[in-house]
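J.: One structure coming up, written as structure tokens, with questions to follow.
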Amino acid sequence: GWKVLRMLGALLDLPGFHAETIEEVRKQIAPDLKAWARAGLGNTVTPFTWELRTPRASLERIAEFAIYGTDPVVRRSMPLQKTADGKASRTARFNAATLAKLGLASGARARIRQGNGAAVLAVVLDNALPDGTVRIARGIAETAMLGEGDISVEKIQEAAVA
């Protein structure tokens, strides 16, 4: 591996990439390799402070990859996309308390915004989810525009057309 890196570095004319043997590489890393290894190896850990950050947003996204959205073969299979699992991956799932807090009902449609993108998804009740979460799949066309970061949910008002 070091020979490949040496050749790439030499081709790019980078300093420090002209060693001819592994011993030269080791001497550049540490002139006294045994002393460096003794000083650097051990079971002690430098103390550090854990910082637990609470989410700023009122909603946290649970984002799994859709079961039929993982590879090109299953993504293009229309029979698989029409199964219950395929249809479920194209929804935004909330528990009852979160739905009530957002003023949504199961069966409604909602515009989900995250990052610089948005997706319009059907709302589904899923009591297996904790409060303050929304389960939205990745790896499908309907959610591809969603990014990372805070999530906002907006109910879409649908008008009946006569």
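Each chain in the structure tokens gets a letter, A, B and so on, in the order shown; residues start at 1 in every chain, and ligands are counted from 1 in the order they appear.
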Find the spatial neighbours of Trp36 of chain A, counting only C-alpha atoms, within a cut-off of 12 Å - ignore same-chain residues fewer than 6 positions away - and output them as a PyMOL selection string.
T.: chain A and resi 26-27+29-30+42
J.: Keeping only N, CA, C and O atoms, write the selected residues to a file as a PDB file, in the first residue's frame.
T.:
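Generated file (part-v3.pdb):
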ATOM      1  N   ARG A  26       9.232   4.368   7.842  1.00  0.00           N
ATOM      2  CA  ARG A  26       9.140   4.263   9.295  1.00  0.00           C
ATOM      3  C   ARG A  26       9.981   5.323   9.992  1.00  0.00           C
ATOM      4  O   ARG A  26       9.563   5.886  11.003  1.00  0.00           O
ATOM      5  N   LYS A  27      11.147   5.612   9.456  1.00  0.00           N
ATOM      6  CA  LYS A  27      12.002   6.633  10.066  1.00  0.00           C
ATOM      7  C   LYS A  27      11.386   8.030   9.939  1.00  0.00           C
ATOM      8  O   LYS A  27      11.565   8.874  10.799  1.00  0.00           O
ATOM      9  N   ILE A  29       8.133   8.540  10.004  1.00  0.00           N
ATOM     10  CA  ILE A  29       7.035   8.551  10.972  1.00  0.00           C
ATOM     11  C   ILE A  29       7.574   8.775  12.371  1.00  0.00           C
ATOM     12  O   ILE A  29       7.101   9.632  13.109  1.00  0.00           O
ATOM     13  N   ALA A  30       8.560   7.977  12.753  1.00  0.00           N
ATOM     14  CA  ALA A  30       9.145   8.088  14.093  1.00  0.00           C
ATOM     15  C   ALA A  30      10.581   7.590  14.019  1.00  0.00           C
ATOM     16  O   ALA A  30      10.806   6.420  13.721  1.00  0.00           O
ATOM     17  N   GLY A  42      -1.011   2.015  25.281  1.00  0.00           N
ATOM     18  CA  GLY A  42      -1.368   1.817  26.680  1.00  0.00           C
ATOM     19  C   GLY A  42      -2.879   1.753  26.815  1.00  0.00           C
ATOM     20  O   GLY A  42      -3.625   1.909  25.859  1.00  0.00           O
TER      21      GLY A  42
END
J.: Residues within 9 Å of segment 94-111 of chain A, please, as a list of chain:residue names. Count only C-alpha atoms; anything in the same chain fewer than 5 positions from it doesn't count.
T.: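 After dropping sequence-adjacent residues, the list is A:Leu59, A:Ala118, A:Ala119, A:Val120, A:Leu121, A:Ala122, A:Val123, A:Val124, A:Leu125, A:Asp126, A:Asn127, A:Ala128, A:Leu129, A:Pro130, A:Asp131, A:Gly132, A:Thr133, A:Val134, A:Arg135, A:Ser152, A:Val153, A:Glu154, A:Lys155, A:Ile156, A:Gln157, A:Glu158.
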J.: Please compute the atom CA of Arg93 of chain A-atom CA of Ala66 of chain A distance, one decimal, in Å.
T.: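 Atom-to-atom, atom CA of Arg93 of chain A and atom CA of Ala66 of chain A are spaced 13.2 Å apart.
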J.: Give the helix (DSSP H, G or I) residues of segment 14-148 of chain A, as assigned by DSSP on the backbone, as an MDAnalysis selection string.
T.: chainID A and resid 22:29 33:40 72:75 78:81 84:88 96:102 141:143
J.: Enumerate, as JSON, numbers by chain, the complete set of residues in segment 15-128 of chain A that a backbone-based DSSP assignment places in strand (DSSP E or B).
T.: {"A": [60, 61, 62, 65, 91, 92, 93, 94, 109, 110, 111, 112, 113, 114, 117, 118, 119, 120, 121, 122, 123, 124, 125]}
J.: Using only C-alpha atoms for the distances, tell me which of A:Leu11, A:Leu33, A:Ile67, A:Ala144 is nearest to Ser89 of chain A.
T.: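 Result for the nearest residue to Ser89 of chain A: A:Ile67.
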J.: What separation in Å, quoted to one decimal, exists between atom CA of Val25 of chain A and atom CA of Arg38 of chain A?
T.: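 For atom CA of Val25 of chain A relative to atom CA of Arg38 of chain A, the distance reads 18.8 Å.
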J.: Compare A:Phe17, A:Leu146, A:Gly115, A:Asp32 by their minimum atom-to-atom distance to Val4 of chain A, counting only C-alpha atoms, and give me the closest one.
T.: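 Looking at the shortest contact to Val4 of chain A, the residue is A:Phe17.
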J.: List the neighbours of segment 68-82 of chain A out to 10 Å using only C-alpha atoms; skip same-chain residues closer than 4 positions along the sequence, and give me the result as a ChimeraX atom specification.
T.: /A:86-90,137-141
J.: Residues near Lys3 of chain A, anyone? I mean within 12 Å using only C-alpha atoms, not counting same-chain ones fewer than 4 positions away, as a VMD selection string.
T.: chain A and resid 7 to 10 17 to 22 24 to 25
J.: Taking into account only C-alpha atoms, which residue in the set A:Thr143, A:Thr49, A:Gln28, A:Asn116 is nearest to Thr91 of chain A?
T.: A:Thr143
J.: Report the distance between atom CA of Ala92 of chain A and atom CA of Ile136 of chain A in Å, rounded to one decimal place.
T.: 5.2 Å
